[in-house]
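Asks: Sending over start_21.cif (mmCIF, C-alpha atoms).
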```cif
data_model
#
loop_
_atom_site.label_atom_id
_atom_site.label_comp_id
_atom_site.auth_asym_id
_atom_site.auth_seq_id
_atom_site.Cartn_x
_atom_site.Cartn_y
_atom_site.Cartn_z
CA MET R 116 15.52 -0.19 20.25
CA SER R 117 15.85 -3.95 20.25
CA GLU R 118 17.55 -5.77 17.42
CA VAL R 119 15.57 -7.75 14.88
CA VAL R 120 16.84 -11.13 13.74
CA VAL R 121 16.12 -11.92 10.09
CA VAL R 122 16.13 -15.69 9.64
CA ASP R 123 18.78 -16.95 7.23
CA TYR R 124 17.55 -19.24 4.44
CA GLY R 125 21.04 -19.75 3.05
CA ALA R 126 20.46 -17.74 -0.13
CA GLY R 127 18.54 -14.83 -1.43
CA ASN R 128 17.84 -11.21 -0.86
CA THR R 129 17.49 -10.09 2.74
CA HIS R 130 18.69 -6.56 1.88
CA SER R 131 15.20 -5.19 1.30
CA VAL R 132 13.82 -6.30 4.64
CA ARG R 133 16.87 -5.07 6.47
CA ALA R 134 16.79 -1.73 4.63
CA ALA R 135 13.14 -1.29 5.64
CA LEU R 136 14.04 -2.05 9.26
CA THR R 137 16.80 0.56 9.07
CA ARG R 138 14.24 3.09 7.81
CA LEU R 139 12.17 2.26 10.89
CA GLY R 140 15.20 2.97 13.07
CA ARG R 141 15.75 -0.68 13.94
CA THR R 142 19.00 -2.58 13.73
CA SER R 143 18.96 -6.11 12.39
CA PHE R 144 21.18 -9.04 11.60
CA VAL R 145 20.79 -12.24 9.63
CA SER R 146 21.14 -15.50 11.51
CA SER R 147 19.95 -19.08 11.80
CA ASP R 148 21.62 -19.54 15.17
CA ARG R 149 19.46 -21.08 17.91
CA GLU R 150 20.57 -18.70 20.64
CA ALA R 151 19.94 -15.70 18.41
CA LEU R 152 16.48 -16.93 17.38
CA LEU R 153 15.46 -17.69 20.95
CA GLY R 154 16.98 -14.58 22.48
CA ALA R 155 15.77 -12.01 19.95
CA GLU R 156 12.88 -9.79 20.85
CA ARG R 157 11.76 -9.76 17.21
CA VAL R 158 12.22 -12.39 14.51
CA ILE R 159 11.37 -12.06 10.83
CA LEU R 160 11.05 -14.97 8.41
CA PRO R 161 11.66 -13.21 5.10
CA GLY R 162 10.19 -14.04 1.73
CA VAL R 163 13.02 -15.26 -0.43
CA GLY R 164 14.01 -18.41 -2.28
CA SER R 165 12.08 -21.57 -2.99
CA ALA R 166 10.08 -23.51 -0.40
CA ARG R 167 12.09 -26.71 -0.60
CA SER R 168 15.56 -25.20 -0.32
CA ALA R 169 14.41 -22.80 2.41
CA MET R 170 12.95 -25.62 4.54
CA GLN R 171 16.00 -27.77 3.92
CA HIS R 172 18.23 -24.98 5.14
CA LEU R 173 16.03 -24.31 8.19
CA HIS R 174 16.28 -27.98 9.18
CA GLU R 175 19.99 -28.32 8.48
CA THR R 176 20.89 -25.29 10.57
CA GLY R 177 18.56 -26.20 13.42
CA ALA R 178 16.63 -22.98 12.84
CA ALA R 179 13.36 -24.92 12.30
CA LYS R 180 13.63 -26.46 15.77
CA ALA R 181 14.58 -23.13 17.32
CA LEU R 182 11.59 -21.44 15.68
CA HIS R 183 9.28 -24.11 17.12
CA GLU R 184 10.75 -23.53 20.56
CA ARG R 185 10.38 -19.80 20.17
CA PHE R 186 6.76 -20.17 19.05
CA LYS R 187 5.90 -22.45 21.99
CA SER R 188 7.36 -20.03 24.47
CA GLY R 189 5.31 -17.20 22.99
CA GLY R 190 8.11 -15.39 21.19
CA SER R 191 6.72 -13.17 18.45
CA MET R 192 7.52 -13.85 14.80
CA LEU R 193 6.67 -12.13 11.56
CA GLY R 194 6.57 -14.13 8.32
CA ILE R 195 6.72 -12.34 4.99
CA CYS R 196 5.58 -13.96 1.71
CA LEU R 197 7.36 -17.35 1.61
CA GLY R 198 8.08 -16.83 5.32
CA MET R 199 4.36 -16.74 6.00
CA GLN R 200 3.73 -19.78 3.80
CA LEU R 201 6.42 -21.84 5.53
CA ALA R 202 4.73 -21.31 8.90
CA LEU R 203 1.75 -23.34 7.64
CA GLU R 204 1.60 -27.15 7.48
CA THR R 205 2.26 -27.91 3.82
CA THR R 206 2.87 -26.22 0.51
CA GLU R 207 2.25 -27.45 -3.02
CA GLU R 208 5.40 -25.67 -4.19
CA ASP R 209 8.33 -27.80 -5.42
CA ASP R 210 6.09 -30.91 -5.70
CA GLY R 211 5.05 -30.67 -2.07
CA VAL R 212 7.01 -29.60 0.99
CA PHE R 213 6.22 -29.75 4.71
CA GLY R 214 6.30 -26.34 6.35
CA LEU R 215 7.01 -25.53 9.98
CA GLY R 216 3.38 -26.24 10.88
CA LEU R 217 3.18 -23.48 13.47
CA LEU R 218 -0.43 -22.96 12.48
CA THR R 219 -3.14 -24.84 10.63
CA GLY R 220 -3.24 -24.20 6.92
CA HIS R 221 -2.02 -25.27 3.52
CA VAL R 222 -0.37 -23.40 0.70
CA LYS R 223 -1.80 -23.91 -2.76
CA ARG R 224 -0.95 -22.72 -6.23
CA LEU R 225 -3.01 -19.75 -7.38
CA THR R 226 -5.46 -20.79 -10.05
CA SER R 227 -7.23 -17.61 -11.10
CA GLY R 228 -5.94 -14.51 -12.81
CA ARG R 229 -2.41 -14.08 -14.05
CA VAL R 230 0.15 -16.18 -12.19
CA PRO R 231 2.49 -15.03 -10.74
CA ARG R 232 0.22 -12.50 -9.13
CA LEU R 233 2.35 -9.39 -9.48
CA GLY R 234 1.71 -5.86 -8.39
CA TRP R 235 -0.13 -3.69 -5.94
CA ALA R 236 -3.50 -4.89 -4.72
CA MET R 237 -5.96 -3.72 -2.11
CA VAL R 238 -6.07 -5.62 1.17
CA GLU R 239 -9.25 -5.87 3.20
CA PRO R 240 -10.26 -4.97 5.84
CA TRP R 241 -7.19 -2.72 6.06
CA ASP R 242 -8.15 -0.70 2.98
CA GLU R 243 -4.55 -0.26 1.81
CA ALA R 244 -2.66 -1.42 -1.27
CA TYR R 245 0.50 -3.49 -0.84
CA TYR R 246 2.91 -5.10 -3.28
CA PHE R 247 2.49 -8.79 -4.09
CA ALA R 248 4.71 -11.17 -6.04
CA HIS R 249 3.52 -14.73 -5.58
CA SER R 250 2.34 -17.87 -7.35
CA TYR R 251 1.13 -19.66 -4.20
CA ALA R 252 -1.09 -18.59 -1.33
CA GLY R 253 -2.06 -19.99 2.05
CA GLU R 254 -5.50 -21.21 3.05
CA SER R 255 -5.84 -21.00 6.80
CA PRO R 256 -8.59 -20.63 9.40
CA TYR R 257 -6.39 -17.98 11.00
CA THR R 258 -6.74 -15.61 8.06
CA VAL R 259 -7.11 -12.00 9.19
CA ALA R 260 -6.95 -10.20 5.84
CA THR R 261 -7.68 -10.98 2.21
CA SER R 262 -6.99 -9.51 -1.20
CA GLU R 263 -9.21 -10.38 -4.16
CA GLY R 264 -10.38 -13.46 -2.32
CA VAL R 265 -6.87 -14.64 -1.45
CA SER R 266 -5.76 -15.08 2.17
CA VAL R 267 -2.97 -12.55 2.60
CA ALA R 268 -2.46 -12.29 6.36
CA VAL R 269 -2.64 -14.83 9.16
CA GLN R 270 -2.33 -14.51 12.89
CA TYR R 271 -2.15 -17.26 15.46
CA GLY R 272 -0.58 -16.93 18.89
CA PRO R 273 2.69 -15.06 18.58
CA PHE R 274 2.90 -15.61 14.80
CA PHE R 275 1.85 -12.97 12.33
CA GLY R 276 2.29 -13.51 8.60
CA VAL R 277 1.68 -11.41 5.50
CA GLN R 278 1.68 -12.57 1.89
CA PHE R 279 2.62 -9.16 0.48
CA HIS R 280 5.98 -7.43 0.80
CA PRO R 281 5.74 -4.64 3.39
CA GLU R 282 9.38 -3.79 2.69
CA LYS R 283 8.42 -3.06 -0.92
CA SER R 284 5.09 -1.37 -0.30
CA GLY R 285 6.07 2.24 0.23
CA GLU R 286 4.80 4.07 3.28
CA ALA R 287 1.81 1.77 3.76
CA GLY R 288 4.25 -1.12 3.95
CA LEU R 289 6.51 0.56 6.48
CA ASN R 290 3.48 1.37 8.63
CA ILE R 291 2.30 -2.21 8.72
CA LEU R 292 5.82 -3.48 9.33
CA GLU R 293 6.09 -1.19 12.33
CA GLN R 294 2.70 -2.37 13.59
CA CYS R 295 3.63 -6.02 13.16
CA LEU R 296 6.88 -5.51 15.03
CA SER R 297 5.03 -3.81 17.86
CA LEU R 298 2.55 -6.68 18.28
CA ALA R 299 2.57 -9.00 21.25
CA MET P 94 -6.16 -8.82 -10.81
CA PRO P 95 -3.75 -6.52 -9.03
CA LEU P 96 -3.85 -2.85 -10.02
CA PRO P 97 -2.18 -1.80 -13.27
CA ARG P 98 1.42 -0.70 -12.89
CA LEU P 99 3.24 2.35 -14.18
CA ILE P 100 6.95 1.53 -14.44
CA PRO P 101 9.59 4.15 -15.22
CA CYS P 102 12.65 2.65 -16.93
CA LEU P 103 16.09 4.07 -16.31
CA ASP P 104 18.93 3.35 -18.72
CA VAL P 105 22.15 3.09 -16.80
CA ALA P 106 25.71 3.08 -18.14
CA HIS P 107 28.84 3.03 -15.98
CA GLY P 108 26.79 3.81 -12.90
CA ARG P 109 24.97 6.85 -14.30
CA VAL P 110 21.50 7.31 -15.80
CA MET P 111 22.07 8.03 -19.47
CA LYS P 112 18.72 8.88 -20.96
CA GLY P 113 16.67 11.67 -19.60
CA VAL P 114 16.92 15.15 -20.92
CA SER P 115 16.26 17.83 -18.33
CA PHE P 116 16.02 16.70 -14.75
CA VAL P 117 14.19 19.67 -13.35
CA GLY P 118 14.62 20.18 -9.66
CA LEU P 119 17.22 17.47 -9.18
CA ARG P 120 20.63 18.29 -7.89
CA ASP P 121 22.68 15.31 -8.85
CA VAL P 122 21.53 14.93 -12.44
CA GLY P 123 21.60 11.37 -13.67
CA ASP P 124 22.37 9.67 -10.40
CA PRO P 125 20.39 6.40 -10.39
CA VAL P 126 19.88 6.37 -6.64
CA GLU P 127 18.56 9.90 -6.53
CA LEU P 128 16.28 9.42 -9.53
CA ALA P 129 14.99 6.14 -8.10
CA THR P 130 14.05 7.85 -4.85
CA PHE P 131 12.43 10.68 -6.74
CA TYR P 132 10.30 8.40 -8.93
CA SER P 133 9.33 6.29 -5.96
CA ALA P 134 8.20 9.38 -4.09
CA GLY P 135 6.31 10.48 -7.21
CA GLY P 136 4.19 7.34 -7.16
CA ALA P 137 5.98 4.90 -9.49
CA ASP P 138 4.72 1.36 -8.89
CA GLU P 139 8.01 -0.28 -9.73
CA LEU P 140 11.25 0.65 -11.46
CA VAL P 141 13.33 -1.01 -14.14
CA PHE P 142 17.07 -0.35 -14.48
CA LEU P 143 18.63 -1.38 -17.76
CA ASP P 144 22.39 -1.60 -17.80
CA ILE P 145 22.83 -0.49 -21.42
CA ALA P 146 26.63 -0.68 -21.36
CA ALA P 147 26.81 -4.03 -19.61
CA THR P 148 30.17 -5.67 -20.03
CA PRO P 149 31.51 -8.46 -17.80
CA ASP P 150 34.32 -6.27 -16.39
CA ASP P 151 31.87 -3.49 -15.55
CA SER P 152 29.48 -5.67 -13.54
CA ASP P 153 30.82 -4.39 -10.21
CA THR P 154 29.68 -0.87 -11.07
CA MET P 155 26.10 -2.05 -11.64
CA THR P 156 26.21 -4.22 -8.53
CA SER P 157 27.12 -1.23 -6.41
CA VAL P 158 24.25 0.74 -7.98
CA VAL P 159 21.88 -2.12 -7.10
CA VAL P 160 23.10 -2.18 -3.50
CA LYS P 161 22.62 1.56 -3.10
CA VAL P 162 19.20 1.56 -4.79
CA ALA P 163 18.02 -1.30 -2.58
CA GLU P 164 19.01 0.68 0.50
CA VAL P 165 16.80 3.63 -0.34
CA LEU P 166 13.96 2.26 -2.46
CA ASP P 167 10.73 1.07 -0.85
CA ILE P 168 9.15 -0.19 -4.06
CA PRO P 169 10.25 -3.19 -6.15
CA PHE P 170 12.83 -2.92 -8.90
CA THR P 171 14.03 -5.03 -11.79
CA VAL P 172 17.54 -5.01 -13.23
CA GLY P 173 18.26 -5.94 -16.83
CA GLY P 174 21.30 -5.95 -19.05
CA GLY P 175 24.32 -8.11 -18.48
CA VAL P 176 22.42 -11.14 -17.17
CA ARG P 177 24.05 -14.08 -18.91
CA SER P 178 24.12 -16.75 -16.24
CA VAL P 179 22.54 -17.88 -12.98
CA GLU P 180 25.57 -16.34 -11.25
CA ASP P 181 24.81 -12.95 -12.83
CA ALA P 182 21.21 -13.18 -11.68
CA SER P 183 22.32 -14.22 -8.18
CA ARG P 184 24.72 -11.32 -7.95
CA ILE P 185 21.96 -8.86 -8.85
CA ILE P 186 19.21 -10.39 -6.71
CA GLU P 187 21.43 -10.97 -3.70
CA SER P 188 22.55 -7.35 -3.97
CA GLY P 189 18.94 -6.31 -3.43
CA ALA P 190 17.07 -6.32 -6.76
CA ASP P 191 13.67 -8.00 -6.76
CA ARG P 192 13.81 -9.27 -10.30
CA VAL P 193 16.15 -9.71 -13.22
CA SER P 194 15.34 -9.19 -16.86
CA PHE P 195 17.17 -10.69 -19.82
CA ASN P 196 16.72 -11.07 -23.55
CA SER P 197 19.69 -12.40 -25.57
CA ALA P 198 20.82 -14.82 -22.86
CA ALA P 199 17.35 -16.39 -22.73
CA LEU P 200 17.32 -16.86 -26.50
CA ALA P 201 20.81 -18.35 -26.53
CA ASN P 202 20.13 -20.55 -23.52
CA PRO P 203 16.41 -20.97 -22.73
CA GLN P 204 17.27 -23.26 -19.80
CA LEU P 205 18.58 -20.19 -18.02
CA ILE P 206 14.96 -19.09 -17.51
CA THR P 207 14.18 -22.29 -15.61
CA ALA P 208 17.44 -22.25 -13.67
CA ILE P 209 16.84 -18.75 -12.30
CA ALA P 210 13.15 -19.44 -11.66
CA ASP P 211 14.00 -22.61 -9.71
CA ARG P 212 16.35 -20.67 -7.50
CA TYR P 213 14.42 -17.45 -6.92
CA GLY P 214 10.88 -18.17 -8.06
CA SER P 215 9.14 -17.20 -11.29
CA GLN P 216 8.22 -13.78 -9.92
CA ALA P 217 11.93 -12.90 -10.06
CA VAL P 218 12.29 -13.72 -13.76
CA VAL P 219 11.37 -11.21 -16.45
CA VAL P 220 12.02 -12.24 -20.03
CA ALA P 221 12.46 -9.19 -22.24
CA ILE P 222 11.31 -9.56 -25.82
CA ASP P 223 12.26 -6.90 -28.37
CA ALA P 224 9.75 -7.47 -31.11
CA GLY P 225 9.69 -6.18 -34.67
CA GLY P 226 8.00 -7.61 -37.74
CA GLY P 227 6.87 -10.65 -35.77
CA VAL P 228 10.39 -11.75 -34.85
CA VAL P 229 12.56 -11.30 -31.79
CA HIS P 230 15.43 -8.81 -32.01
CA THR P 231 18.61 -8.62 -29.98
CA HIS P 232 21.36 -6.06 -29.41
CA GLY P 233 19.00 -3.26 -28.52
CA GLY P 234 16.77 -3.98 -31.48
CA ARG P 235 19.56 -3.86 -34.09
CA VAL P 236 19.77 -7.57 -34.89
CA ALA P 237 16.76 -9.55 -36.12
CA THR P 238 16.66 -13.24 -35.24
CA THR P 239 14.52 -15.92 -36.87
CA THR P 240 12.67 -16.63 -33.60
CA LYS P 241 9.00 -15.73 -33.82
CA VAL P 242 7.62 -13.55 -31.04
CA ILE P 243 4.48 -15.45 -30.03
CA PRO P 244 5.96 -18.97 -29.84
CA TRP P 245 8.93 -17.55 -27.95
CA ALA P 246 6.70 -15.80 -25.42
CA ILE P 247 4.82 -19.08 -24.90
CA GLU P 248 8.07 -21.00 -24.47
CA ALA P 249 9.47 -18.43 -22.02
CA ALA P 250 6.32 -18.68 -19.90
CA GLU P 251 6.42 -22.49 -19.98
CA ARG P 252 10.05 -22.46 -18.92
CA GLY P 253 9.26 -20.42 -15.84
CA ALA P 254 9.32 -16.74 -16.75
CA GLY P 255 7.14 -14.73 -14.38
CA GLU P 256 6.56 -11.81 -16.69
CA ILE P 257 7.21 -10.69 -20.25
CA LEU P 258 8.62 -7.24 -20.93
CA LEU P 259 7.44 -6.72 -24.47
CA THR P 260 9.04 -3.87 -26.41
CA SER P 261 7.90 -2.99 -29.89
CA ILE P 262 11.12 -1.77 -31.50
CA PHE P 263 9.24 0.09 -34.24
CA HIS P 264 7.21 2.01 -31.68
CA ASP P 265 10.08 2.60 -29.26
CA GLY P 266 11.13 6.23 -29.15
CA GLN P 267 8.36 7.27 -31.55
CA ARG P 268 6.05 8.52 -28.81
CA LYS P 269 2.97 7.67 -30.88
CA GLY P 270 1.55 5.06 -28.56
CA PHE P 271 2.26 1.43 -27.71
CA ASP P 272 1.82 -1.46 -30.13
CA LEU P 273 -1.52 -2.44 -28.66
CA GLU P 274 -2.23 -5.16 -31.21
CA LEU P 275 1.03 -6.97 -30.52
CA THR P 276 0.65 -6.57 -26.76
CA ALA P 277 -2.88 -7.98 -26.76
CA GLN P 278 -1.86 -10.81 -29.07
CA VAL P 279 1.06 -11.91 -26.91
CA ARG P 280 -0.88 -11.52 -23.67
CA GLY P 281 -3.72 -13.57 -25.12
CA GLU P 282 -1.42 -16.54 -25.64
CA ILE P 283 0.11 -16.73 -22.17
CA SER P 284 -1.12 -16.64 -18.58
CA ILE P 285 1.73 -14.64 -17.02
CA PRO P 286 1.56 -10.82 -16.88
CA VAL P 287 2.90 -8.65 -19.70
CA ILE P 288 4.57 -5.23 -19.47
CA ALA P 289 3.96 -3.13 -22.59
CA SER P 290 6.97 -1.10 -23.66
CA GLY P 291 7.88 1.33 -26.40
CA GLY P 292 5.96 4.31 -27.68
CA ALA P 293 4.52 6.16 -24.70
CA GLY P 294 4.13 9.82 -25.62
CA ASN P 295 1.34 10.93 -23.32
CA ALA P 296 -1.08 9.80 -20.63
CA ARG P 297 -3.64 8.64 -23.19
CA HIS P 298 -1.13 6.21 -24.69
CA VAL P 299 -0.34 4.78 -21.26
CA ALA P 300 -4.04 4.46 -20.48
CA GLU P 301 -4.63 2.59 -23.75
CA ALA P 302 -1.93 0.11 -22.81
CA LEU P 303 -3.09 -0.34 -19.23
CA ARG P 304 -6.61 -1.13 -20.41
CA ILE P 305 -5.34 -4.21 -22.21
CA THR P 306 -2.35 -5.32 -20.21
CA ASP P 307 -0.82 -5.49 -16.72
CA ALA P 308 1.82 -2.80 -16.75
CA ALA P 309 3.35 -0.09 -18.91
CA LEU P 310 6.99 0.90 -19.13
CA VAL P 311 7.65 4.60 -19.61
CA ALA P 312 10.92 6.36 -20.29
CA SER P 313 11.18 9.71 -22.05
CA ILE P 314 7.80 11.06 -20.93
CA VAL P 315 8.89 10.87 -17.31
CA HIS P 316 12.60 11.56 -17.78
CA GLU P 317 11.90 14.87 -19.49
CA ASN P 318 9.96 15.98 -16.46
CA PRO P 319 10.45 13.72 -13.43
CA ALA P 320 8.40 16.10 -11.32
CA GLY P 321 5.49 15.40 -13.66
CA LEU P 322 5.02 11.79 -12.56
CA PRO P 323 2.29 12.61 -10.01
CA GLY P 324 0.56 14.62 -12.75
CA LEU P 325 0.74 11.66 -15.14
CA ARG P 326 -0.81 9.47 -12.45
CA ARG P 327 -3.63 11.96 -11.97
CA GLU P 328 -4.27 12.10 -15.73
CA LEU P 329 -4.44 8.30 -15.78
CA GLU P 330 -6.97 8.37 -12.93
CA GLU P 331 -9.06 10.83 -14.94
CA LEU P 332 -8.88 8.44 -17.89
CA GLY P 333 -10.32 5.72 -15.67
CA ILE P 334 -7.08 3.88 -14.89
CA HIS P 335 -6.96 3.19 -11.18
CA LEU P 336 -3.40 2.87 -9.96
CA ARG P 337 -2.43 2.17 -6.38
CA PRO P 338 -3.38 4.91 -3.95
CA ALA P 339 -0.04 6.59 -3.31
CA GLY P 340 0.50 9.63 -1.21
CA GLU P 341 2.66 12.11 -3.08
CA ARG P 342 5.84 12.84 -1.26
CA VAL P 343 7.27 15.40 -3.68
#
```
Just give me the structure as structure tokens.
Replies:
Amino acid sequence: MSEVVVVDYGAGNTHSVRAALTRLGRTSFVSSDREALLGAERVILPGVGSARSAMQHLHETGAAKALHERFKSGGSMLGICLGMQLALETTEEDDGVFGLGLLTGHVKRLTSGRVPRLGWAMVEPWDEAYYFAHSYAGESPYTVATSEGVSVAVQYGPFFGVQFHPEKSGEAGLNILEQCLSLA
Amino acid sequence: MPLPRLIPCLDVAHGRVMKGVSFVGLRDVGDPVELATFYSAGGADELVFLDIAATPDDSDTMTSVVVKVAEVLDIPFTVGGGVRSVEDASRIIESGADRVSFNSAALANPQLITAIADRYGSQAVVVAIDAGGGVVHTHGGRVATTTKVIPWAIEAAERGAGEILLTSIFHDGQRKGFDLELTAQVRGEISIPVIASGGAGNARHVAEALRITDAALVASIVHENPAGLPGLRRELEELGIHLRPAGERV
């Protein structure tokens, strides 16, 4: 089975994603190296840290450029939570930050219900509950799934992104993680 | 609103689960990793680990528990106890915990809430409030402060807390139900979610709490019979509380 590269944001918890990959029988390593990001069969942008520091780190390490190259050449990528948000054009988080802009869309602060939006919630049309922990959400024409009116999954070209945490969503989460990794 | 959450709490000291009376059907009694897996399989929505013996020189023990739990657990977990600085929070989160919870350190240094939230996001910050007689208590409920509960909850939320873990110290361990009035009052004043804690004796008590708030912490009722967690979930369903659909794996 091919190795999965988990993109390094410079700080934060990548254990959970890597542990989930191990449960799926996949090996993984954390890197922001251009060669690794371009050569990997699978790349995951995890959901840790704050938008500004994550983007800063992606630019400083050259990972942002490498991810653009990968996207243009059709290399698949999975974004989780913040990783999905950063693939869009802009986010309101941290007083406004430019994302990678791989796909059209903007990330806005949640305005209804309790914020942060914490806990398990049903996702349509997949009819499964997944675990969410977020204060911001994307708005994108490439939305493929929603939860309580919030865009929670996007797909455009080789990029697939989910707002919830598949690595923290029990069996349903592992199933969708496996499906995402098998895409494209 | 996301679905209500049922959260077993495990008290850990020196790397072992301390509470819990008879762990039916478990081999390694009191091992946090094994219990965590068991509760997760039984349908827990999240777990909380409280390091009740937290001392600075013992932090490595808890860190290694966090690492091991993160390897096996496929639901989120919060770690509390011994969080006194951003470095403590970093150590716990970067070892694999999803969230940290703290009480005394937040009171002593409210800026700590903001500092951790800035680094890891509000969703990673749980401010624990031990409430009794309208004021916040510290040291496991033994020491009353002069800080009033409601203004403190409001301040914690404003400073970046992502959730309040609200324990009524007079209800804790009594098993006569949660302090619903206090929970509703606090929740009514803030816009972040609130976990009710202290007093769960049966499914009806948990249902009462989950009708008015976002999550309920349970300890003795699940520790006395860990295999009964799926049954508790079913009882809650019958009482009209819809938790996440979780296949039982035990």
Asks: Nearest residue to chain R out of P:Ser152, P:Ser261, P:Gln267, P:Thr130, using all atoms listed in the file?
Replies: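 Ranking P:Ser152, P:Ser261, P:Gln267, P:Thr130 by distance to chain R, first place goes to P:Thr130.
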Asks: Could you tell me which residues of chain P sit within 6 Å of chain R when counting all atoms listed in the file, and give me the result as a PyMOL selection string?
Replies: chain P and resi 95-96+164+167-169+187+189+213+216+255+284-286
Asks: So how many Å separate atom CA of P:Ala134 and atom CA of P:Thr171, to one decimal?
Replies: 17.3 Å
Asks: List, as a ChimeraX atom specification, every residue that the PyMOL selection byres ((chain P and resi 199) around 12) selects in the file provided.
Replies: /P:174-179,193-198,200-209,218-222,229,231,240,245-246,248-250,252-254,257
Asks: Nearest to R:Glu293: which of R:Val277, R:Leu139, R:Ala260, R:Asp210 is it, counting all atoms listed in the file?
Replies: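 Distance minimum relative to R:Glu293 lands on R:Leu139.
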Asks: Please report the interatomic distance between atom CA of R:Tyr251 and atom CA of R:Glu208 in Å with one decimal.
Replies: 7.4 Å
Asks: List the neighbours of R:Leu298 out to 9 Å using all atoms listed in the file; skip same-chain residues closer than 5 positions along the sequence, and give me the result as a ChimeraX atom specification.
Replies: /R:191,273,275,293
Asks: Using only C-alpha atoms, determine which residues lie at most 6 Å from R:Leu197, disregarding the query and same-chain residues fewer than 2 positions distant; provide the list as a list in words.
Replies: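 The neighbour list is Gly162, Met199 and Gln200 of chain R.
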Asks: Can you list, as a list in words, the residues that the PyMOL selection byres ((chain P and resi 308-318) around 7) selects here?
Replies: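 This file, filtered by the PyMOL selection byres ((chain P and resi 308-318) around 7), leaves Pro97, Arg98, Leu99, Ile100, Pro101, Cys102, Leu103, Gly113, Val114, Ser115, Phe116, Val117, Val287, Ile288, Ala289, Ser290, Ala293, Gly294, Asn295, Val299, Ala302, Leu303, Thr306, Asp307, Pro319, Ala320, Gly321 and Leu322 of chain P.
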Asks: Could you write out the selected residues, including C-alpha atoms, as an mmCIF file, in the coordinates of the input?
Replies:
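Saved to result_20.cif:
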```cif
data_model
loop_
_atom_site.group_PDB
_atom_site.id
_atom_site.type_symbol
_atom_site.label_atom_id
_atom_site.label_comp_id
_atom_site.auth_asym_id
_atom_site.auth_seq_id
_atom_site.Cartn_x
_atom_site.Cartn_y
_atom_site.Cartn_z
ATOM 1 C CA PRO P 97 -2.180 -1.800 -13.270
ATOM 2 C CA ARG P 98 1.420 -0.700 -12.890
ATOM 3 C CA LEU P 99 3.240 2.350 -14.180
ATOM 4 C CA ILE P 100 6.950 1.530 -14.440
ATOM 5 C CA PRO P 101 9.590 4.150 -15.220
ATOM 6 C CA CYS P 102 12.650 2.650 -16.930
ATOM 7 C CA LEU P 103 16.090 4.070 -16.310
ATOM 8 C CA GLY P 113 16.670 11.670 -19.600
ATOM 9 C CA VAL P 114 16.920 15.150 -20.920
ATOM 10 C CA SER P 115 16.260 17.830 -18.330
ATOM 11 C CA PHE P 116 16.020 16.700 -14.750
ATOM 12 C CA VAL P 117 14.190 19.670 -13.350
ATOM 13 C CA VAL P 287 2.900 -8.650 -19.700
ATOM 14 C CA ILE P 288 4.570 -5.230 -19.470
ATOM 15 C CA ALA P 289 3.960 -3.130 -22.590
ATOM 16 C CA SER P 290 6.970 -1.100 -23.660
ATOM 17 C CA ALA P 293 4.520 6.160 -24.700
ATOM 18 C CA GLY P 294 4.130 9.820 -25.620
ATOM 19 C CA ASN P 295 1.340 10.930 -23.320
ATOM 20 C CA VAL P 299 -0.340 4.780 -21.260
ATOM 21 C CA ALA P 302 -1.930 0.110 -22.810
ATOM 22 C CA LEU P 303 -3.090 -0.340 -19.230
ATOM 23 C CA THR P 306 -2.350 -5.320 -20.210
ATOM 24 C CA ASP P 307 -0.820 -5.490 -16.720
ATOM 25 C CA PRO P 319 10.450 13.720 -13.430
ATOM 26 C CA ALA P 320 8.400 16.100 -11.320
ATOM 27 C CA GLY P 321 5.490 15.400 -13.660
ATOM 28 C CA LEU P 322 5.020 11.790 -12.560
#
```
Asks: Between P:Arg235, P:His230, P:Arg192, P:Arg337, which residue has the minimum interatomic distance to P:Leu259, considering all atoms listed in the file?
Replies: P:His230
Asks: Spell out the residues picked by the PyMOL selection byres ((chain R and resi 179) around 12) here, as a ChimeraX atom specification.
Replies: /R:122-124,147-149,152-153,160,169-178,180-186,198,201-202,213-217
Asks: Take the residues just selected and output them with C-alpha atoms as a short mmCIF file (atom, residue, chain, number, x, y, z; two decimals), keeping the file's coordinate frame.
Replies:
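Final output, again-v1.cif:
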```cif
data_model
loop_
_atom_site.label_atom_id
_atom_site.label_comp_id
_atom_site.auth_asym_id
_atom_site.auth_seq_id
_atom_site.Cartn_x
_atom_site.Cartn_y
_atom_site.Cartn_z
CA VAL R 122 16.13 -15.69 9.64
CA ASP R 123 18.78 -16.95 7.23
CA TYR R 124 17.55 -19.24 4.44
CA SER R 147 19.95 -19.08 11.80
CA ASP R 148 21.62 -19.54 15.17
CA ARG R 149 19.46 -21.08 17.91
CA LEU R 152 16.48 -16.93 17.38
CA LEU R 153 15.46 -17.69 20.95
CA LEU R 160 11.05 -14.97 8.41
CA ALA R 169 14.41 -22.80 2.41
CA MET R 170 12.95 -25.62 4.54
CA GLN R 171 16.00 -27.77 3.92
CA HIS R 172 18.23 -24.98 5.14
CA LEU R 173 16.03 -24.31 8.19
CA HIS R 174 16.28 -27.98 9.18
CA GLU R 175 19.99 -28.32 8.48
CA THR R 176 20.89 -25.29 10.57
CA GLY R 177 18.56 -26.20 13.42
CA ALA R 178 16.63 -22.98 12.84
CA LYS R 180 13.63 -26.46 15.77
CA ALA R 181 14.58 -23.13 17.32
CA LEU R 182 11.59 -21.44 15.68
CA HIS R 183 9.28 -24.11 17.12
CA GLU R 184 10.75 -23.53 20.56
CA ARG R 185 10.38 -19.80 20.17
CA PHE R 186 6.76 -20.17 19.05
CA GLY R 198 8.08 -16.83 5.32
CA LEU R 201 6.42 -21.84 5.53
CA ALA R 202 4.73 -21.31 8.90
CA PHE R 213 6.22 -29.75 4.71
CA GLY R 214 6.30 -26.34 6.35
CA LEU R 215 7.01 -25.53 9.98
CA GLY R 216 3.38 -26.24 10.88
CA LEU R 217 3.18 -23.48 13.47
#
```
